[in-house]
$ cat target_27.txt   # compact mmCIF, C-alpha atoms and all ligand atoms
# COMPACT_ATOMS: atom_id res chain seq x y z
CA MET A 1 -61.08 -102.68 -16.43
CA ARG A 2 -57.28 -102.30 -16.24
CA ARG A 3 -55.83 -99.43 -14.31
CA MET A 4 -52.54 -97.56 -14.58
CA ARG A 5 -50.30 -95.28 -12.55
CA CYS A 6 -49.79 -91.76 -13.88
CA TYR A 7 -48.93 -88.18 -12.87
CA GLN A 8 -51.52 -85.47 -13.41
CA VAL A 9 -51.83 -81.73 -13.09
CA ASN A 10 -55.01 -80.91 -11.18
CA GLU A 11 -54.85 -77.12 -10.92
CA PHE A 12 -52.71 -74.22 -12.11
CA GLY A 13 -50.00 -73.10 -9.73
CA GLY A 14 -49.63 -76.60 -8.36
CA SER A 15 -47.36 -79.49 -9.19
CA ILE A 16 -48.09 -82.87 -10.72
CA GLU A 17 -49.54 -85.55 -8.50
CA PRO A 18 -49.74 -89.32 -8.59
CA ALA A 19 -53.00 -90.93 -9.60
CA GLU A 20 -54.35 -94.28 -10.63
CA ILE A 21 -56.80 -94.15 -13.52
CA GLU A 22 -58.77 -96.59 -15.65
CA LEU A 23 -57.67 -97.58 -19.13
CA PRO A 24 -60.75 -97.31 -21.37
CA PRO A 25 -61.35 -99.79 -24.21
CA LEU A 26 -59.78 -98.61 -27.47
CA ARG A 27 -62.07 -97.27 -30.19
CA GLY A 28 -61.62 -96.78 -33.94
CA ALA A 29 -57.99 -96.49 -35.04
CA GLN A 30 -56.63 -95.78 -31.55
CA VAL A 31 -53.35 -97.38 -30.51
CA ARG A 32 -52.13 -98.02 -26.96
CA LEU A 33 -48.44 -98.02 -26.08
CA ARG A 34 -46.61 -99.10 -22.94
CA VAL A 35 -44.53 -96.03 -22.16
CA ILE A 36 -40.79 -96.69 -22.31
CA ALA A 37 -39.58 -93.12 -21.81
CA ALA A 38 -41.07 -89.65 -21.41
CA GLY A 39 -38.97 -86.50 -21.49
CA LEU A 40 -39.65 -83.62 -19.13
CA CYS A 41 -39.92 -80.26 -20.91
CA HIS A 42 -39.89 -76.62 -19.79
CA SER A 43 -43.39 -76.25 -21.20
CA ASP A 44 -44.52 -78.79 -18.59
CA VAL A 45 -43.41 -76.20 -16.02
CA HIS A 46 -45.34 -73.47 -17.86
CA ILE A 47 -48.47 -75.65 -18.10
CA CYS A 48 -48.36 -76.32 -14.34
CA GLU A 49 -47.99 -72.59 -13.70
CA GLY A 50 -50.87 -71.92 -16.10
CA HIS A 51 -49.27 -69.23 -18.25
CA TYR A 52 -46.38 -67.94 -20.31
CA ASP A 53 -45.00 -64.59 -19.19
CA LEU A 54 -44.71 -62.19 -22.12
CA GLY A 55 -43.02 -59.42 -20.12
CA GLY A 56 -44.46 -56.08 -19.06
CA GLY A 57 -47.04 -57.90 -16.95
CA ARG A 58 -48.62 -59.57 -20.01
CA LYS A 59 -49.27 -63.28 -19.97
CA ILE A 60 -50.62 -65.98 -22.26
CA THR A 61 -52.87 -68.21 -20.21
CA PHE A 62 -53.45 -71.93 -20.55
CA ALA A 63 -56.81 -71.56 -18.78
CA ASP A 64 -58.87 -72.05 -21.96
CA ARG A 65 -56.68 -74.87 -23.29
CA ILE A 66 -56.03 -77.30 -20.43
CA LYS A 67 -58.76 -79.44 -18.90
CA PHE A 68 -58.09 -81.02 -15.51
CA PRO A 69 -57.01 -83.54 -14.53
CA ARG A 70 -54.44 -83.87 -17.31
CA VAL A 71 -51.57 -86.35 -17.62
CA LEU A 72 -48.58 -84.35 -18.94
CA GLY A 73 -45.67 -85.69 -21.00
CA HIS A 74 -45.31 -84.94 -24.71
CA GLU A 75 -41.89 -86.51 -25.47
CA VAL A 76 -42.89 -90.13 -25.46
CA SER A 77 -41.61 -93.41 -26.82
CA GLY A 78 -43.26 -96.74 -26.20
CA GLU A 79 -44.07 -100.24 -27.34
CA ILE A 80 -47.44 -100.95 -28.97
CA VAL A 81 -49.47 -103.26 -26.73
CA GLU A 82 -53.03 -102.88 -28.04
CA LEU A 83 -54.77 -101.84 -31.26
CA GLY A 84 -58.23 -100.38 -31.80
CA PRO A 85 -60.49 -102.30 -34.23
CA GLU A 86 -59.61 -99.99 -37.16
CA ALA A 87 -55.88 -99.43 -36.50
CA ARG A 88 -53.85 -100.50 -39.55
CA GLY A 89 -50.20 -100.43 -40.57
CA VAL A 90 -48.69 -100.99 -37.11
CA ALA A 91 -48.28 -104.14 -35.03
CA ILE A 92 -48.14 -105.21 -31.39
CA GLY A 93 -44.51 -105.03 -30.27
CA ASP A 94 -43.49 -102.14 -32.58
CA VAL A 95 -41.35 -99.62 -30.68
CA CYS A 96 -42.39 -96.15 -31.75
CA LEU A 97 -42.01 -92.47 -31.14
CA VAL A 98 -45.30 -90.65 -30.47
CA CYS A 99 -45.69 -87.59 -32.69
CA SER A 100 -47.49 -85.47 -30.09
CA TRP A 101 -48.32 -82.61 -32.48
CA ILE A 102 -51.84 -83.65 -33.41
CA GLY A 103 -54.07 -81.03 -35.03
CA CYS A 104 -57.79 -80.71 -35.68
CA GLY A 105 -57.32 -81.74 -39.31
CA GLU A 106 -59.62 -78.94 -40.45
CA CYS A 107 -57.89 -75.57 -40.03
CA GLU A 108 -55.62 -73.84 -42.55
CA GLN A 109 -52.46 -74.81 -40.65
CA CYS A 110 -53.45 -78.49 -40.59
CA ALA A 111 -54.25 -78.33 -44.32
CA GLN A 112 -50.61 -77.28 -44.88
CA GLY A 113 -49.31 -80.13 -42.73
CA LEU A 114 -48.41 -77.71 -39.94
CA GLU A 115 -50.38 -79.52 -37.25
CA ASN A 116 -47.95 -78.15 -34.66
CA LEU A 117 -49.48 -74.72 -35.38
CA CYS A 118 -53.11 -75.93 -35.33
CA LEU A 119 -55.68 -73.48 -34.02
CA LYS A 120 -57.54 -76.25 -32.13
CA PRO A 121 -54.66 -78.52 -31.10
CA GLN A 122 -55.09 -81.99 -29.66
CA PHE A 123 -51.47 -82.33 -28.53
CA VAL A 124 -50.48 -85.41 -26.54
CA GLY A 125 -49.56 -84.42 -22.99
CA VAL A 126 -51.20 -80.98 -23.36
CA ASN A 127 -54.74 -81.20 -24.75
CA ARG A 128 -55.01 -84.98 -24.30
CA ASP A 129 -53.33 -87.29 -21.79
CA GLY A 130 -49.60 -87.85 -22.26
CA GLY A 131 -46.72 -90.04 -21.23
CA PHE A 132 -46.08 -89.46 -17.52
CA ALA A 133 -47.90 -92.75 -17.14
CA GLU A 134 -47.55 -96.48 -17.68
CA PHE A 135 -49.54 -96.32 -20.94
CA VAL A 136 -50.40 -93.69 -23.53
CA ASP A 137 -53.13 -93.78 -26.20
CA VAL A 138 -52.80 -92.13 -29.61
CA PRO A 139 -55.83 -91.55 -31.86
CA HIS A 140 -54.34 -92.94 -35.08
CA PRO A 141 -51.25 -94.89 -36.27
CA ASP A 142 -50.34 -91.87 -38.45
CA TYR A 143 -48.95 -90.27 -35.27
CA LEU A 144 -46.50 -93.08 -34.61
CA ILE A 145 -43.00 -93.29 -36.06
CA ASP A 146 -41.38 -96.75 -35.95
CA LEU A 147 -37.95 -96.36 -34.36
CA LYS A 148 -36.58 -99.42 -36.22
CA GLY A 149 -33.79 -100.13 -33.75
CA LEU A 150 -33.03 -96.58 -32.54
CA ASP A 151 -32.75 -96.42 -28.73
CA PRO A 152 -36.26 -95.44 -27.51
CA VAL A 153 -34.94 -93.75 -24.36
CA ALA A 154 -32.46 -91.47 -26.13
CA ALA A 155 -34.97 -90.89 -28.96
CA ALA A 156 -37.86 -89.63 -26.77
CA PRO A 157 -36.61 -86.00 -26.55
CA MET A 158 -36.58 -85.84 -30.36
CA VAL A 159 -40.35 -85.18 -30.26
CA CYS A 160 -40.12 -81.75 -28.60
CA SER A 161 -36.67 -80.50 -27.64
CA GLY A 162 -35.08 -82.25 -30.61
CA LEU A 163 -37.73 -81.30 -33.16
CA THR A 164 -37.92 -77.74 -31.82
CA THR A 165 -34.21 -77.18 -32.36
CA TYR A 166 -34.17 -79.16 -35.63
CA SER A 167 -37.01 -77.05 -37.08
CA ALA A 168 -35.42 -73.83 -35.79
CA LEU A 169 -31.99 -74.65 -37.24
CA LYS A 170 -33.61 -75.59 -40.59
CA LYS A 171 -34.99 -72.03 -40.73
CA PHE A 172 -31.44 -70.70 -41.30
CA GLY A 173 -31.18 -72.66 -44.57
CA PRO A 174 -28.15 -74.90 -45.24
CA LEU A 175 -25.57 -74.67 -42.44
CA ALA A 176 -22.73 -76.42 -44.28
CA GLY A 177 -19.99 -74.12 -45.56
CA ARG A 178 -21.09 -71.17 -43.45
CA ARG A 179 -19.68 -69.63 -40.26
CA PRO A 180 -20.65 -71.16 -36.91
CA VAL A 181 -24.16 -70.59 -35.55
CA VAL A 182 -24.64 -68.69 -32.27
CA ILE A 183 -26.92 -70.41 -29.78
CA ILE A 184 -28.14 -68.55 -26.71
CA GLY A 185 -28.90 -70.86 -23.79
CA ALA A 186 -27.22 -74.16 -22.91
CA GLY A 187 -29.97 -75.91 -20.99
CA GLY A 188 -31.44 -79.17 -22.26
CA LEU A 189 -32.47 -77.53 -25.54
CA GLY A 190 -29.06 -75.92 -26.06
CA LEU A 191 -27.11 -79.12 -25.61
CA ILE A 192 -29.34 -81.00 -28.03
CA ALA A 193 -29.05 -78.07 -30.50
CA ILE A 194 -25.25 -78.46 -30.51
CA ALA A 195 -25.65 -82.11 -31.50
CA ILE A 196 -28.28 -81.38 -34.16
CA ALA A 197 -26.21 -78.55 -35.68
CA ARG A 198 -23.46 -81.17 -36.09
CA MET A 199 -25.92 -83.59 -37.77
CA LEU A 200 -26.81 -80.73 -40.16
CA ASP A 201 -23.10 -80.25 -41.01
CA ALA A 202 -22.68 -76.83 -39.33
CA ALA A 203 -19.10 -75.60 -39.01
CA GLY A 204 -19.74 -75.39 -35.27
CA VAL A 205 -21.69 -73.67 -32.54
CA VAL A 206 -20.81 -70.70 -30.31
CA VAL A 207 -22.83 -70.77 -27.10
CA VAL A 208 -23.89 -67.82 -24.93
CA GLU A 209 -24.90 -68.84 -21.42
CA LEU A 210 -25.14 -67.17 -18.01
CA ASP A 211 -24.45 -70.24 -15.88
CA ALA A 212 -20.82 -71.44 -15.64
CA ALA A 213 -21.71 -75.13 -15.19
CA LYS A 214 -23.93 -75.00 -18.28
CA ARG A 215 -21.14 -73.25 -20.25
CA GLN A 216 -18.85 -76.14 -19.34
CA ALA A 217 -21.55 -78.65 -20.36
CA ALA A 218 -21.80 -76.88 -23.72
CA LEU A 219 -18.03 -77.14 -24.25
CA ASP A 220 -18.14 -80.81 -23.25
CA ALA A 221 -20.93 -81.30 -25.82
CA GLY A 222 -18.66 -79.87 -28.53
CA ALA A 223 -19.36 -76.13 -28.65
CA LEU A 224 -16.46 -74.15 -30.18
CA ALA A 225 -16.75 -71.54 -27.43
CA ALA A 226 -19.03 -70.71 -24.51
CA ILE A 227 -19.40 -67.04 -23.68
CA ALA A 228 -20.98 -65.33 -20.68
CA PRO A 229 -23.39 -62.51 -21.56
CA GLY A 230 -22.64 -59.01 -20.32
CA ASP A 231 -19.89 -56.48 -21.04
CA GLY A 232 -17.80 -57.45 -24.06
CA ALA A 233 -20.09 -60.33 -25.03
CA THR A 234 -20.73 -59.05 -28.55
CA ASP A 235 -16.97 -58.76 -29.26
CA GLY A 236 -16.40 -62.21 -27.76
CA ILE A 237 -19.13 -63.72 -29.94
CA ARG A 238 -17.74 -62.10 -33.12
CA GLN A 239 -14.26 -63.35 -32.32
CA ALA A 240 -15.48 -66.89 -31.66
CA VAL A 241 -17.57 -66.93 -34.83
CA GLY A 242 -14.53 -65.72 -36.79
CA GLY A 243 -16.27 -62.89 -38.61
CA SER A 244 -19.72 -61.55 -39.21
CA VAL A 245 -22.53 -63.08 -37.19
CA TRP A 246 -25.23 -64.42 -39.54
CA ALA A 247 -27.30 -66.79 -37.42
CA VAL A 248 -28.48 -66.53 -33.82
CA LEU A 249 -30.79 -69.09 -32.28
CA ASP A 250 -32.32 -67.76 -29.06
CA LEU A 251 -33.41 -70.67 -26.90
CA VAL A 252 -34.02 -68.47 -23.84
CA GLY A 253 -36.35 -65.84 -25.27
CA SER A 254 -35.90 -63.12 -22.68
CA GLY A 255 -35.75 -59.41 -23.41
CA ALA A 256 -32.01 -59.45 -22.67
CA THR A 257 -31.18 -62.41 -24.92
CA ALA A 258 -33.19 -61.15 -27.90
CA GLN A 259 -31.57 -57.71 -27.42
CA LEU A 260 -28.10 -59.29 -27.44
CA ALA A 261 -29.01 -61.18 -30.63
CA VAL A 262 -30.28 -58.07 -32.42
CA ASP A 263 -27.16 -56.15 -31.33
CA VAL A 264 -24.66 -58.81 -32.42
CA LEU A 265 -26.19 -59.78 -35.78
CA ASP A 266 -24.44 -58.37 -38.83
CA LYS A 267 -25.88 -57.51 -42.23
CA THR A 268 -28.39 -60.09 -43.59
CA GLY A 269 -28.34 -61.75 -40.19
CA LYS A 270 -31.21 -63.85 -38.93
CA LEU A 271 -32.56 -64.36 -35.44
CA VAL A 272 -34.74 -67.39 -34.75
CA VAL A 273 -36.49 -67.27 -31.38
CA VAL A 274 -37.66 -70.43 -29.69
CA GLY A 275 -37.44 -69.63 -25.97
CA LEU A 276 -40.47 -68.43 -24.02
CA PHE A 277 -38.82 -66.97 -20.93
CA GLY A 278 -40.58 -63.64 -21.40
CA GLY A 279 -39.66 -60.00 -21.81
CA ALA A 280 -39.52 -57.41 -24.53
CA VAL A 281 -36.91 -56.03 -26.91
CA GLU A 282 -36.19 -52.50 -28.10
CA LEU A 283 -35.56 -52.51 -31.79
CA PRO A 284 -34.74 -49.36 -33.77
CA VAL A 285 -36.97 -50.02 -36.80
CA PRO A 286 -34.49 -48.64 -39.41
CA MET A 287 -32.11 -51.43 -38.36
CA LEU A 288 -34.42 -53.89 -40.14
CA PRO A 289 -33.84 -52.43 -43.64
CA LEU A 290 -30.31 -51.15 -42.95
CA LYS A 291 -29.08 -54.52 -41.73
CA VAL A 292 -31.59 -56.54 -43.78
CA LEU A 293 -32.38 -58.38 -40.58
CA THR A 294 -34.79 -61.27 -40.32
CA ILE A 295 -36.49 -62.18 -37.06
CA GLN A 296 -38.49 -65.38 -37.05
CA GLY A 297 -40.24 -67.40 -34.39
CA SER A 298 -40.27 -71.16 -34.34
CA TYR A 299 -42.65 -73.42 -32.42
CA THR A 300 -41.89 -77.14 -32.19
CA GLY A 301 -42.03 -78.60 -35.72
CA SER A 302 -44.37 -80.40 -38.08
CA PRO A 303 -45.03 -84.16 -38.19
CA ALA A 304 -43.22 -84.25 -41.57
CA GLU A 305 -40.18 -82.55 -40.04
CA LEU A 306 -40.19 -85.12 -37.22
CA ARG A 307 -40.14 -87.94 -39.80
CA ASP A 308 -37.24 -86.23 -41.65
CA PHE A 309 -35.42 -85.80 -38.35
CA VAL A 310 -35.82 -89.50 -37.45
CA ALA A 311 -34.56 -90.41 -40.94
CA LEU A 312 -31.52 -88.17 -40.35
CA ALA A 313 -30.93 -89.96 -37.03
CA HIS A 314 -30.93 -93.30 -38.87
CA ALA A 315 -28.27 -91.94 -41.23
CA LYS A 316 -26.11 -90.09 -38.69
CA GLY A 317 -27.04 -91.51 -35.30
CA LEU A 318 -29.22 -90.02 -32.59
CA PRO A 319 -28.35 -86.50 -31.42
CA SER A 320 -26.11 -87.12 -28.43
CA ALA A 321 -27.14 -85.01 -25.47
CA PRO A 322 -26.80 -85.75 -21.77
CA LEU A 323 -29.77 -87.58 -20.29
CA ASP A 324 -30.84 -87.50 -16.65
CA ARG A 325 -32.78 -90.77 -16.27
CA ARG A 326 -35.21 -90.96 -13.35
CA PRO A 327 -38.09 -93.26 -12.36
CA LEU A 328 -41.62 -92.04 -13.13
CA SER A 329 -42.22 -91.73 -9.38
CA ALA A 330 -39.63 -88.90 -9.32
CA ALA A 331 -41.78 -86.77 -11.64
CA PRO A 332 -42.81 -84.08 -9.08
CA VAL A 333 -39.21 -83.65 -7.82
CA ALA A 334 -37.87 -83.56 -11.37
CA LEU A 335 -40.41 -80.89 -12.32
CA ARG A 336 -39.32 -78.75 -9.36
CA ASP A 337 -35.62 -79.26 -10.21
CA LEU A 338 -36.27 -78.14 -13.78
CA LYS A 339 -38.23 -75.09 -12.65
CA GLU A 340 -35.44 -74.07 -10.28
CA GLY A 341 -32.67 -74.58 -12.84
CA ARG A 342 -31.05 -77.61 -11.20
CA VAL A 343 -31.11 -79.83 -14.28
CA VAL A 344 -28.27 -80.26 -16.78
CA GLY A 345 -29.38 -82.08 -19.94
CA ARG A 346 -32.76 -83.72 -20.41
CA VAL A 347 -34.77 -85.46 -17.68
CA ILE A 348 -36.24 -88.75 -18.93
CA LEU A 349 -38.91 -90.40 -16.79
CA GLN A 350 -39.32 -94.16 -17.03
CA PRO A 351 -42.23 -96.15 -15.54
ZN ZN B 401 -41.85 -79.61 -24.94
ZN ZN B 402 -55.97 -77.68 -37.12
$ encode --input "target_27.txt" --output "structure tokens"
Amino acid sequence: MRRMRCYQVNEFGGSIEPAEIELPPLRGAQVRLRVIAAGLCHSDVHICEGHYDLGGGRKITFADRIKFPRVLGHEVSGEIVELGPEARGVAIGDVCLVCSWIGCGECEQCAQGLENLCLKPQFVGVNRDGGFAEFVDVPHPDYLIDLKGLDPVAAAPMVCSGLTTYSALKKFGPLAGRRPVVIIGAGGLGLIAIAIARMLDAAGVVVVELDAAKRQAALDAGALAAIAPGDGATDGIRQAVGGSVWAVLDLVGSGATAQLAVDVLDKTGKLVVVGLFGGAVELPVPMLPLKVLTIQGSYTGSPAELRDFVALAHAKGLPSAPLDRRPLSAAPVALRDLKEGRVVGRVILQP
């Protein structure tokens, strides 16, 4: 039986460790891909830690969702190298994006096509083995999107960071002809959000970010302005937006960032929260009707949205965001760098 190199998480609170595991024979409609690129995501850090911090000492645990050992990596592109006996509609040599958001196919969310919100998820790199490996198996060709010439390395982050920001920005409705969108956080997600807002014809993006180097990266990526939070931030944001603030995308998701968003939004404003940093917000309830505020969460995106997003990339080009390419063997160091905030742009691991 063939074997492959991979990186696994073996316990919560640890890191990811090298392993060599057997490649089982493919069954049914399974498809095997040689991994070309796998993006490293903040949720990989959370999975290794074993929880999301909700603030006030409350946590969401991964204990009931992750079985060890698990190969992480849910932003994966690869070349098809092997087909199960019932796999149809794809061919050896096709270069594809793996749609990692695989649901149970039975719950109410799945019935609506929202497999990313499935109650019994089977996500690649979370609930089943992912792409920090030489090969990755997907259960059915339906979860593969042919890249048809798009660069598979630059395309890999579309699956999570790209789709997450795409789906979040779509929740504001059409961006064209409106004032710039405010985006809090200029990490990997923030920089890709600037590019996707441009693909969606936004007038521009105003970034709020604590870290000076990341503010500069946001400006380099085309942000209209990059503002430090703190005293005077709300005035600075209003000035940069050029009027009332209607759309804030919070990619950090801390108590402080959500509070800033609620404070700065004007009448009929909308806050979309994606970040999972943790914390709580104090919201005077009458502000909801008086300002007609909308607060909405967004969690990755659906398989259909990923297909729409890839189609948009064919029309307008891939979202340009800085990539930090590293060999697969650098996975543990890269994970630590991401956890400690030493990464600008998106880390891509390549076997
Ligand atoms: Zn992710
Ligand atoms: Zn489901």
$ residues_around --input "target_27.txt" --residues "range 212-221 of chain A" --least-positions-apart "2" --cutoff "8 Å" --atoms "all atoms listed in the file" --output "CSV table (one decimal) with C-alpha atoms, keeping the file's coordinate frame"
chain,number,residue,atom,x,y,z
A,186,ALA,CA,-27.2,-74.2,-22.9
A,187,GLY,CA,-30.0,-75.9,-21.0
A,190,GLY,CA,-29.1,-75.9,-26.1
A,191,LEU,CA,-27.1,-79.1,-25.6
A,194,ILE,CA,-25.2,-78.5,-30.5
A,195,ALA,CA,-25.6,-82.1,-31.5
A,207,VAL,CA,-22.8,-70.8,-27.1
A,208,VAL,CA,-23.9,-67.8,-24.9
A,209,GLU,CA,-24.9,-68.8,-21.4
A,210,LEU,CA,-25.1,-67.2,-18.0
A,223,ALA,CA,-19.4,-76.1,-28.6
A,224,LEU,CA,-16.5,-74.2,-30.2
A,225,ALA,CA,-16.8,-71.5,-27.4
A,226,ALA,CA,-19.0,-70.7,-24.5
A,227,ILE,CA,-19.4,-67.0,-23.7
A,228,ALA,CA,-21.0,-65.3,-20.7
A,321,ALA,CA,-27.1,-85.0,-25.5
A,344,VAL,CA,-28.3,-80.3,-16.8
$ closest_residue --input "target_27.txt" --among "A:Leu335, A:Val181, A:Leu119, A:Val95" --to "Cys48 in chain A" --atoms "all atoms listed in the file"
A:Leu335
$ closest_residue --input "target_27.txt" --among "A:Ile196, A:Val262, A:Cys118, A:Leu306" --to "ligand ZN 402 (chain B)" --atoms "all atoms listed in the file"
A:Cys118
$ residues_around --input "target_27.txt" --residues "Cys99 in chain A" --least-positions-apart "6" --cutoff "7 Å" --atoms "all atoms listed in the file" --output "list in words"
Tyr143, Leu144, Val159 and Pro303 of chain A
$ closest_residue --input "target_27.txt" --among "A:Ala203, A:Val292, A:Val274, A:Ala111" --to "Arg179 in chain A" --atoms "all atoms listed in the file"
A:Ala203
$ closest_atom_pairs --input "target_27.txt" --of "chain A" --to "ligand ZN 401 (chain B)" --cutoff "12 Å" --atoms "only C-alpha atoms and all ligand atoms" --output "Markdown table"
| residue | atom | partner | partner_atom | distance |
| --- | --- | --- | --- | --- |
| A:Ala38 | CA | B:ZN401 | ZN | 10.7 |
| A:Gly39 | CA | B:ZN401 | ZN | 8.2 |
| A:Leu40 | CA | B:ZN401 | ZN | 7.4 |
| A:Cys41 | CA | B:ZN401 | ZN | 4.5 |
| A:His42 | CA | B:ZN401 | ZN | 6.3 |
| A:Ser43 | CA | B:ZN401 | ZN | 5.3 |
| A:Asp44 | CA | B:ZN401 | ZN | 6.9 |
| A:Val45 | CA | B:ZN401 | ZN | 9.7 |
| A:His46 | CA | B:ZN401 | ZN | 10.0 |
| A:Ile47 | CA | B:ZN401 | ZN | 10.3 |
| A:Leu72 | CA | B:ZN401 | ZN | 10.2 |
| A:Gly73 | CA | B:ZN401 | ZN | 8.2 |
| A:His74 | CA | B:ZN401 | ZN | 6.4 |
| A:Glu75 | CA | B:ZN401 | ZN | 6.9 |
| A:Val76 | CA | B:ZN401 | ZN | 10.6 |
| A:Cys99 | CA | B:ZN401 | ZN | 11.8 |
| A:Ser100 | CA | B:ZN401 | ZN | 9.6 |
| A:Trp101 | CA | B:ZN401 | ZN | 10.4 |
| A:Asn116 | CA | B:ZN401 | ZN | 11.6 |
| A:Phe123 | CA | B:ZN401 | ZN | 10.6 |
| A:Val124 | CA | B:ZN401 | ZN | 10.5 |
| A:Gly125 | CA | B:ZN401 | ZN | 9.3 |
| A:Val126 | CA | B:ZN401 | ZN | 9.6 |
| A:Gly130 | CA | B:ZN401 | ZN | 11.6 |
| A:Ala156 | CA | B:ZN401 | ZN | 10.9 |
| A:Pro157 | CA | B:ZN401 | ZN | 8.4 |
| A:Met158 | CA | B:ZN401 | ZN | 9.8 |
| A:Val159 | CA | B:ZN401 | ZN | 7.8 |
| A:Cys160 | CA | B:ZN401 | ZN | 4.6 |
| A:Ser161 | CA | B:ZN401 | ZN | 5.9 |
| A:Gly162 | CA | B:ZN401 | ZN | 9.2 |
| A:Leu163 | CA | B:ZN401 | ZN | 9.3 |
| A:Thr164 | CA | B:ZN401 | ZN | 8.1 |
| A:Thr165 | CA | B:ZN401 | ZN | 10.9 |
| A:Gly188 | CA | B:ZN401 | ZN | 10.8 |
| A:Leu189 | CA | B:ZN401 | ZN | 9.6 |
| A:Val274 | CA | B:ZN401 | ZN | 11.2 |
| A:Gly275 | CA | B:ZN401 | ZN | 11.0 |
| A:Leu276 | CA | B:ZN401 | ZN | 11.3 |
| A:Tyr299 | CA | B:ZN401 | ZN | 9.7 |
| A:Thr300 | CA | B:ZN401 | ZN | 7.7 |
| A:Gly301 | CA | B:ZN401 | ZN | 10.8 |
| A:Arg346 | CA | B:ZN401 | ZN | 11.0 |
| A:Val347 | CA | B:ZN401 | ZN | 11.7 |
$ residues_near_ligand --input "target_27.txt" --ligand "ligand ZN 402 (chain B)" --cutoff "9 Å" --atoms "only C-alpha atoms and all ligand atoms" --output "CSV table (one decimal) with C-alpha atoms, in the coordinates of the input"
chain,number,residue,atom,x,y,z
A,102,ILE,CA,-51.8,-83.6,-33.4
A,103,GLY,CA,-54.1,-81.0,-35.0
A,104,CYS,CA,-57.8,-80.7,-35.7
A,105,GLY,CA,-57.3,-81.7,-39.3
A,106,GLU,CA,-59.6,-78.9,-40.4
A,107,CYS,CA,-57.9,-75.6,-40.0
A,108,GLU,CA,-55.6,-73.8,-42.6
A,109,GLN,CA,-52.5,-74.8,-40.6
A,110,CYS,CA,-53.4,-78.5,-40.6
A,111,ALA,CA,-54.2,-78.3,-44.3
A,114,LEU,CA,-48.4,-77.7,-39.9
A,115,GLU,CA,-50.4,-79.5,-37.2
A,116,ASN,CA,-48.0,-78.2,-34.7
A,117,LEU,CA,-49.5,-74.7,-35.4
A,118,CYS,CA,-53.1,-75.9,-35.3
A,119,LEU,CA,-55.7,-73.5,-34.0
A,120,LYS,CA,-57.5,-76.2,-32.1
A,121,PRO,CA,-54.7,-78.5,-31.1
A,122,GLN,CA,-55.1,-82.0,-29.7
$ atom_distance --input "target_27.txt" --atom1 "CA of Tyr166 in chain A" --atom2 "CA of Ala247 in chain A"
14.3 Å
$ residues_around --input "target_27.txt" --residues "His140 in chain A" --least-positions-apart "2" --cutoff "12 Å" --atoms "all atoms listed in the file" --output "list in words"
Leu26, Arg27, Gly28, Ala29, Gln30, Val31, Arg32, Leu33, Leu83, Gly84, Pro85, Glu86, Ala87, Arg88, Gly89, Val90, Val98, Cys99, Ser100, Ile102, Gly103, Asp137, Val138, Asp142, Tyr143, Leu144 and Ile145 of chain A
$ closest_residue --input "target_27.txt" --among "A:Leu147, A:Val9, A:Ala193, A:Leu23" --to "Ser167 in chain A" --atoms "all atoms listed in the file"
A:Ala193
$ atom_distance --input "target_27.txt" --atom1 "CA of Leu293 in chain A" --atom2 "CA of Val206 in chain A"
19.8 Å
$ residues_around --input "target_27.txt" --residues "Val35 in chain A" --least-positions-apart "2" --cutoff "8 Å" --atoms "all atoms listed in the file" --output "PyMOL selection string"
chain A and resi 33+37-38+76-79+131+133-136+350-351
$ atom_distance --input "target_27.txt" --atom1 "CA of Lys316 in chain A" --atom2 "CA of Ile348 in chain A"
22.2 Å
$ closest_residue --input "target_27.txt" --among "A:Val310, A:Ile192, A:Ile183, A:Val264" --to "Val252 in chain A" --atoms "all atoms listed in the file"
A:Ile183
$ closest_atom_pairs --input "target_27.txt" --of "range 161-225 of chain A" --to "range 294-297 of chain A" --cutoff "10 Å" --atoms "only C-alpha atoms" --output "tab-separated table"
residue	atom	partner	partner_atom	distance
A:Ala168	CA	A:Gly297	CA	8.2
A:Lys171	CA	A:Gln296	CA	8.4
A:Phe172	CA	A:Gln296	CA	9.8
$ closest_residue --input "target_27.txt" --among "A:Arg3, A:Gly93, A:Lys148, A:Lys170" --to "Glu305 in chain A" --atoms "only C-alpha atoms"
A:Lys170
$ residues_around --input "target_27.txt" --residues "Ile92 in chain A" --least-positions-apart "5" --cutoff "7 Å" --atoms "only C-alpha atoms" --output "PyMOL selection string"
chain A and resi 80-82
$ decode --input "target_27.txt" --residues "range 162-167 of chain A" --atoms "N, CA and C atoms" --output "CSV table (one decimal), in the first residue's frame"
chain,number,residue,atom,x,y,z
A,162,GLY,N,-11.0,33.4,1.2
A,162,GLY,CA,-11.7,34.0,0.1
A,162,GLY,C,-13.2,33.9,0.2
A,163,LEU,N,-13.7,32.7,0.3
A,163,LEU,CA,-15.1,32.5,0.4
A,163,LEU,C,-15.8,33.1,1.6
A,164,THR,N,-15.1,33.1,2.7
A,164,THR,CA,-15.6,33.7,4.0
A,164,THR,C,-15.8,35.2,3.7
A,165,THR,N,-14.8,35.9,3.1
A,165,THR,CA,-15.0,37.3,2.9
A,165,THR,C,-16.0,37.6,1.8
A,166,TYR,N,-15.9,36.7,0.7
A,166,TYR,CA,-16.9,36.9,-0.4
A,166,TYR,C,-18.3,36.8,0.1
A,167,SER,N,-18.6,35.7,0.9
A,167,SER,CA,-20.0,35.5,1.4
A,167,SER,C,-20.4,36.7,2.4
